[in-house]
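A short write-up of the structure that comes next.
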Amino acid sequence: MRSMLNFNVHEGNLEAIVHGYKNGLLRPEEYNNLCQCDALVDLKAQLQVTEYGNFLQNEGVLTSKVICDKALEKLLGEFQEIRDWSEAPLSQFLDFITYEYMINNVLKLIAAKRSGRDSLEILYKCHPLGTFNGISSMLAASTVDEMFELVLIDSPIGKFFQCSQQKDFDELSLEYIRGLLQKGYLEAFYDFCLSVGGDTATVMCPVLEFEADRLVITVTANTCGMRDLQSADRRKLYPNIGTLVDIHDDLADVENEEQLKDRLKRFNEFFELFDDSKGMEGGNKKSLEKRFVEKTVQIYRDALSKQFQYGVFYAYVKLKELEIQNLQWISDCIVQNMKQRVHEYVAITG
Amino acid sequence: MVQEAASGLWRSEDMTLVQLHMQREVVHDTVLKLGHLGMMQFQDLNNKHNAFQRDFAGEVRRCDDMERKLRYLLEEVTKANVLGAAATSGADVSLATLEHHVEERESEVRELNTQFEALVSEKNRCREQLEVLKRDLAWASEGSNGLTLLCGVIPRERVSTFERLLFRITRGNAVVRTDPIEQPFYNVQTNEAVHKVVFAILFSAPRIADKLRKLCDVNGATVYGYADSKEQLDSRRSSLQQQSHSLSQTLEQTANRRQLLLTQVAGSLGEWKRFVAIEKAVFGTMNFIQFSGTSATARGWVPVSEVDNVVEVLREAERTAGAQVRTIFEQLQTKETRPTFFKTNSITGTFQGIVDSYGIARYKEINPGVFTIVTFPYLFGIMYGDLGHGLILTLFAAFLIFMEKSWEGKPLNEIFAMIFGGRYLLFLMGLSATYVGVLYNDMFGFSTEIFTSGYTWPPLAPGTVVPSFPNAQHMKPTNVVAFGVDSAWAETENKLEVYNSIKMKCAVIIGIVQMSAGVFLSLMNHIYYNDWLHVYFRFIPEIVFLTCTFGYMALLIIIKWCTSWDKGTHDAPSLLETMTNFFLQPGTVTQELYAGQAGIQIVLLLAAFSMVPLLLLVIPYMENKHHEEKLKQKSLRAHNEEDDEEDDEHFDFSEIVIHQVIHTIEYVLGCVSNTASYLRLWALSLAHAQLSDVLWNFAFMATVGLDNGTGIFIFFGFAVWMSATVGILLGMESLSAFLHSLRLHWVEFQGKFYYGDGIAFSPFSLAEIA
């Protein structure tokens, strides 16, 4: 177990590196400058004076995709370096971070397969943190079950497929598969953090519990109108962690948003998210997802503030990811001349 | 503007704020020429604008773009490994023509590259197919009744994954054979060699063929069809061979053309890069200039001594740019803080660097860098005093100075570049160490008799063979040795005590002299800034306090040195005891050094301590009074007329009091602690002498005793001694003495007078770019 006594011997250096990276996150005034840009070349010039530096210097034609890809590449480089230097259990912890991206990539590939757009191109749209050996071979399979048998069975995320004890994935909707995988992932990650123990458990467990609650609420909210989903099936998607465990059975029966809101009354922090009066921004109603994201930013930042634990690695990757999404939002707004909405990025630092 | 007498290294250069009004067309040339002169610090007149809202953001971006293209060309040149012919100097290149030129070259190279790449992949495909056909896959086609054959080429590292996947997808119902290809393929994108393997899969179910093809696809494998019959095989082999041959020829031609093109480019690349970098810097600076219509206004700091040069440059720029209107040059009056600028050369620059790394001098305050040139090597020498080590250091520095011409401006190893930069400092340090080494009579830890000793053996009594051991009580030197410490002390039992006593006392005296010099420099600063309040109530209390306490101690040391203790040193008073009594039991003197000592000491102590309240109280009181008067005047004036001048200086009484209290405590305690701090001069010198003594005696002399005449022991002993001397004494010890010398200058000396809160002059200069 890592504690104050021996943490620095093993991970002190890497933790310090991450804290250095954290200081490189774009600050509000830098966001302000970015929002004032009229073209992507201006954006590039503004980014040059930030921690991103000359990361675009060899790009001839700038698009928001190029900016985003390069930023992701930078994040990947940072992550890879830390992963290379780490030893167990930190290395396992870092692998767990990537599993989430792997799951998303796999889901993306499944979706592409089902809609018949399964060319090699789709691989370029995968998140670089979530690539694994043989991911490309998934395209050779024709059904989800075959994907599983062919590739996923010995990929790092194969166990999440197995633990769901579902036999035929082909029948299931994509959202349902996503729910199953995320449930498996969150539970496994939670168990792992508990086994690491110490401050890592105290910091990471609440973070993961929140993620689990978020999953429960979003799954419930998204499936409210669906007739073909039985409440028992929905119940299967709820991870067995989180603060909402007590009312999982109640939530599974929810039929519309009002009911959901009603049953969440006891849990003030979630109830607030549905409170429209607080979620107004410039006349536009914020989506539930956006409110969740804003909430997570706070949680990640708290996780970054504590020393001697692995939460900093998780929180940094998440925040950087959000920052890259912000960059994409801003550059999209610039390209599409939607300057009035450019300020709707997620405030990460402040 | 008339230049002040003290302008230069002593007090920083006079600065003046100048404003240029010029025609829009001349701006570029003017900025370029001023950049070459490197003597004007432009002020940003457009700081309300964002970096990309400025007038020349577009040009800067164009330069960026060109730099990117040049980087691409350079990459290609290094990849192709060509050496360029000498640059064809185009003196009259303009940004636009060069831009056009670079773009042309870039697109040419890019086009050739795509051609080349296409050809290479074509050839690779050809070769791969040939390799497949070369393999005898007859076993597959013959013995296969109803089995399907799929063959192709796959990268070597993918083979194992591929085979595993294949097994899963066919559920084991397939036969796979692989055979590596000897010669690797060349991958143009990564510029690397790729090893590939030929594979052949034999499977029964034709309906999974599509799936298998897809699997090959995603694993980077290429599938080739195999010939049906023997004749077809032969004909395809020969046609492929031919195709491969002709492709090779085309490839060679393309490669030659590319090589030729790159050779043309390679020579001028360096020049282009420099040109673009200069243009980028010029446009960056032009963004600081305010444009309105056809005229432009620039403002910036210029040293008064350079004003003439700047004007000359302006006229030159007018001529080259063909201006119709003359540029107006005017000097402005300003209350802004002026930047500090010292004109240094390669010798003074090093010393100025030592001071600057502590803090940039306030505009026009005395520059400690001037003193540092002498005192820094001197203090180093006192700590490092050794004839041998000093000489080696001097010779090394002299060698660096000798190589100056050939090494200047060349890229050197980082640490070595630092040493090379400080070569003059090192040289003076070496000289000083040598000089002090002669004073100490110390060379590699043993003593030499350079100057004849004053002590002589008494003549032998008749009949004795062995001289009796001299009794120190009766040893009197016949004369004083010409220079330094008498070499006879080296062999005495109390050598260490004598050396310590001398070095310790010298250290304290040098310290007090340097500190008082610092206090006097503060006087000169106060007088220069016309601050008489500080002269009377800061300088005077400070100097009186210092001289009455530790200055007196230094005087006692000298008096004791100069007194003859003929009857033996029992009568000599202990200075330590005297000074302890001076502070703790005023009026008590156990052994008098001079008559009336007790009375004088009481007077001195009272004088010293009466200075403390003077230092502490007067300045805050006076400043407060001054402020109140100002307020009163202001309110009076406000009654008469509506006040216009809003001269709102921030005034906070408690802040001033706290500042003064801190200063007083710091100074009074500092006198004690700084004096003690100067004892490091002795301590380091002792450590150095003892270390070299130990090394000499135990590393070298010990082996001399062991040696039986073969010289092997001496050889190894000398090796150990020499490497320890170079590593420990010349390397580490000199570094430690350097650091202590640095500390004495920064803290003990500069702390007495140096504000160090100035702004460095940073002119726009193209010298570093070009």
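Naming scheme: A, B, ... for chains in displayed order of the structure tokens; residues 1 onward per chain; ligands 1 onward as shown.
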Item to complete: Give the residues of chain A that lie within 7 Å of chain B; count only C-alpha atoms, and format the answer as a VMD selection string.
Response: chain A and resid 42 57 to 58 136 to 137 140 150
Practice prompt. Tell me which protein, DNA and RNA residues are within 7 Å of stretch 549-551 of chain B, counting only C-alpha atoms, leaving out same-chain ones fewer than 3 positions away, and put them as number ranges by chain.
Written response: B: 512, 545-546, 554-555, 605, 608
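The list of residues with at least one atom within 12 Å of B:Ile600, based on only C-alpha atoms and without residues fewer than 6 positions apart in the same chain, reads B:Cys548, B:Thr549, B:Tyr552, B:Phe582, B:Pro586, B:Gly587, B:Thr588, B:Val589, B:Glu592, B:Leu593, B:Tyr594, B:Leu606, B:Ala607.
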Please, could you write that set of residues out with all heavy atoms as an mmCIF file, in the first residue's frame?
```cif
data_model
loop_
_atom_site.group_PDB
_atom_site.id
_atom_site.type_symbol
_atom_site.label_atom_id
_atom_site.label_comp_id
_atom_site.auth_asym_id
_atom_site.auth_seq_id
_atom_site.Cartn_x
_atom_site.Cartn_y
_atom_site.Cartn_z
ATOM 1 N N CYS B 548 32.988 51.898 15.388
ATOM 2 C CA CYS B 548 33.195 51.878 16.836
ATOM 3 C C CYS B 548 33.232 50.470 17.397
ATOM 4 O O CYS B 548 33.751 50.257 18.482
ATOM 5 C CB CYS B 548 32.095 52.667 17.540
ATOM 6 S SG CYS B 548 32.282 54.421 17.292
ATOM 7 N N THR B 549 32.647 49.530 16.723
ATOM 8 C CA THR B 549 32.672 48.168 17.272
ATOM 9 C C THR B 549 33.709 47.315 16.551
ATOM 10 O O THR B 549 34.803 47.089 17.067
ATOM 11 C CB THR B 549 31.278 47.520 17.149
ATOM 12 O OG1 THR B 549 30.836 47.664 15.804
ATOM 13 C CG2 THR B 549 30.283 48.198 18.064
ATOM 14 N N TYR B 552 36.973 49.033 15.468
ATOM 15 C CA TYR B 552 37.890 49.121 16.611
ATOM 16 C C TYR B 552 38.633 47.797 16.780
ATOM 17 O O TYR B 552 39.824 47.778 17.057
ATOM 18 C CB TYR B 552 37.086 49.472 17.855
ATOM 19 C CG TYR B 552 37.874 49.433 19.139
ATOM 20 C CD1 TYR B 552 38.906 50.350 19.355
ATOM 21 C CD2 TYR B 552 37.608 48.497 20.116
ATOM 22 C CE1 TYR B 552 39.643 50.323 20.518
ATOM 23 C CE2 TYR B 552 38.338 48.452 21.287
ATOM 24 C CZ TYR B 552 39.360 49.378 21.488
ATOM 25 O OH TYR B 552 40.091 49.331 22.638
ATOM 26 N N PHE B 582 34.477 44.006 26.038
ATOM 27 C CA PHE B 582 34.052 45.258 25.418
ATOM 28 C C PHE B 582 32.534 45.318 25.369
ATOM 29 O O PHE B 582 31.933 46.338 25.668
ATOM 30 C CB PHE B 582 34.655 45.335 24.006
ATOM 31 C CG PHE B 582 34.224 46.545 23.206
ATOM 32 C CD1 PHE B 582 34.876 47.764 23.353
ATOM 33 C CD2 PHE B 582 33.182 46.457 22.299
ATOM 34 C CE1 PHE B 582 34.484 48.855 22.621
ATOM 35 C CE2 PHE B 582 32.784 47.564 21.562
ATOM 36 C CZ PHE B 582 33.440 48.766 21.728
ATOM 37 N N PRO B 586 31.565 46.328 30.026
ATOM 38 C CA PRO B 586 32.250 47.546 29.593
ATOM 39 C C PRO B 586 33.079 48.136 30.728
ATOM 40 O O PRO B 586 32.645 48.152 31.875
ATOM 41 C CB PRO B 586 31.092 48.490 29.226
ATOM 42 C CG PRO B 586 29.906 47.638 29.086
ATOM 43 C CD PRO B 586 30.110 46.461 29.959
ATOM 44 N N GLY B 587 34.261 48.566 30.398
ATOM 45 C CA GLY B 587 35.126 49.173 31.395
ATOM 46 C C GLY B 587 36.121 48.218 32.011
ATOM 47 O O GLY B 587 37.022 48.637 32.717
ATOM 48 N N THR B 588 35.953 46.926 31.724
ATOM 49 C CA THR B 588 36.897 45.959 32.285
ATOM 50 C C THR B 588 37.935 45.613 31.225
ATOM 51 O O THR B 588 37.570 45.251 30.100
ATOM 52 C CB THR B 588 36.171 44.656 32.677
ATOM 53 O OG1 THR B 588 34.841 44.980 33.037
ATOM 54 C CG2 THR B 588 36.894 43.931 33.764
ATOM 55 N N VAL B 589 39.183 45.752 31.592
ATOM 56 C CA VAL B 589 40.243 45.340 30.671
ATOM 57 C C VAL B 589 41.242 44.536 31.480
ATOM 58 O O VAL B 589 41.828 45.049 32.434
ATOM 59 C CB VAL B 589 40.944 46.567 30.038
ATOM 60 C CG1 VAL B 589 42.096 46.115 29.159
ATOM 61 C CG2 VAL B 589 39.962 47.391 29.237
ATOM 62 N N GLU B 592 45.991 45.446 29.475
ATOM 63 C CA GLU B 592 45.885 46.611 28.607
ATOM 64 C C GLU B 592 46.796 46.489 27.397
ATOM 65 O O GLU B 592 47.915 46.018 27.473
ATOM 66 C CB GLU B 592 46.244 47.869 29.398
ATOM 67 C CG GLU B 592 45.022 48.532 29.990
ATOM 68 C CD GLU B 592 45.364 49.925 30.485
ATOM 69 O OE1 GLU B 592 46.547 50.280 30.527
ATOM 70 O OE2 GLU B 592 44.406 50.659 30.818
ATOM 71 N N LEU B 593 46.287 46.931 26.264
ATOM 72 C CA LEU B 593 47.126 46.967 25.066
ATOM 73 C C LEU B 593 47.760 48.336 24.954
ATOM 74 O O LEU B 593 48.880 48.492 24.466
ATOM 75 C CB LEU B 593 46.249 46.676 23.839
ATOM 76 C CG LEU B 593 46.951 46.394 22.531
ATOM 77 C CD1 LEU B 593 47.848 45.164 22.663
ATOM 78 C CD2 LEU B 593 45.927 46.161 21.436
ATOM 79 N N TYR B 594 47.024 49.321 25.391
ATOM 80 C CA TYR B 594 47.550 50.685 25.396
ATOM 81 C C TYR B 594 46.937 51.403 26.593
ATOM 82 O O TYR B 594 45.926 50.969 27.151
ATOM 83 C CB TYR B 594 47.232 51.411 24.098
ATOM 84 C CG TYR B 594 45.748 51.489 23.772
ATOM 85 C CD1 TYR B 594 44.986 52.584 24.231
ATOM 86 C CD2 TYR B 594 45.113 50.480 23.051
ATOM 87 C CE1 TYR B 594 43.635 52.654 23.952
ATOM 88 C CE2 TYR B 594 43.770 50.544 22.782
ATOM 89 C CZ TYR B 594 43.023 51.639 23.228
ATOM 90 O OH TYR B 594 41.693 51.711 22.983
ATOM 91 N N LEU B 606 29.330 53.330 23.948
ATOM 92 C CA LEU B 606 28.186 54.243 24.069
ATOM 93 C C LEU B 606 27.878 54.887 22.726
ATOM 94 O O LEU B 606 26.715 54.966 22.317
ATOM 95 C CB LEU B 606 28.493 55.322 25.112
ATOM 96 C CG LEU B 606 28.397 54.843 26.569
ATOM 97 C CD1 LEU B 606 28.740 55.979 27.519
ATOM 98 C CD2 LEU B 606 26.999 54.312 26.854
ATOM 99 N N ALA B 607 28.947 55.317 22.044
ATOM 100 C CA ALA B 607 28.742 55.955 20.735
ATOM 101 C C ALA B 607 28.033 54.999 19.798
ATOM 102 O O ALA B 607 27.073 55.350 19.115
ATOM 103 C CB ALA B 607 30.082 56.381 20.143
#
```
Discussion item. Give me the residues near stretch 266-274 of chain A as a list in words, where near means some atom within 7 Å (using only C-alpha atoms) and where sequence neighbours in that chain fewer than 5 positions away do not count.
Written reply: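 Final neighbour list, sorted by chain and number: Lys261, Leu288 and Arg291 of chain A.
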Discussion item. If you run DSSP on the backbone here, which positions in stretch 397-438 of chain B get alpha helix (DSSP H)? Please write them as a ChimeraX atom specification.
Written reply: /B:397-402,404-407,414-421,423-438
Fill in: Residues of stretch 181-323 of chain A in strand (DSSP E or B), written as a PyMOL selection string
chain A and resi 280-281+284-285
Discussion item. Between atom CA of A:Gln46 and atom CA of A:Leu25, what distance in Å does the model show, to one decimal?
Written reply: 14.0 Å
Worksheet item: So which one's closest to B:Val82, B:Val694, B:Val265, B:Met66, B:Ile619? Using only C-alpha atoms, please.
Response: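 Checking each candidate against B:Val82, we get B:Val265 as the closest.
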Fill in: Best match for closeness to B:Glu306 among B:Asn530, B:Met40, B:Arg125, B:His626, counting only C-alpha atoms
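Of B:Asn530, B:Met40, B:Arg125, B:His626, the one nearest B:Glu306 is B:Met40, counting only C-alpha atoms.
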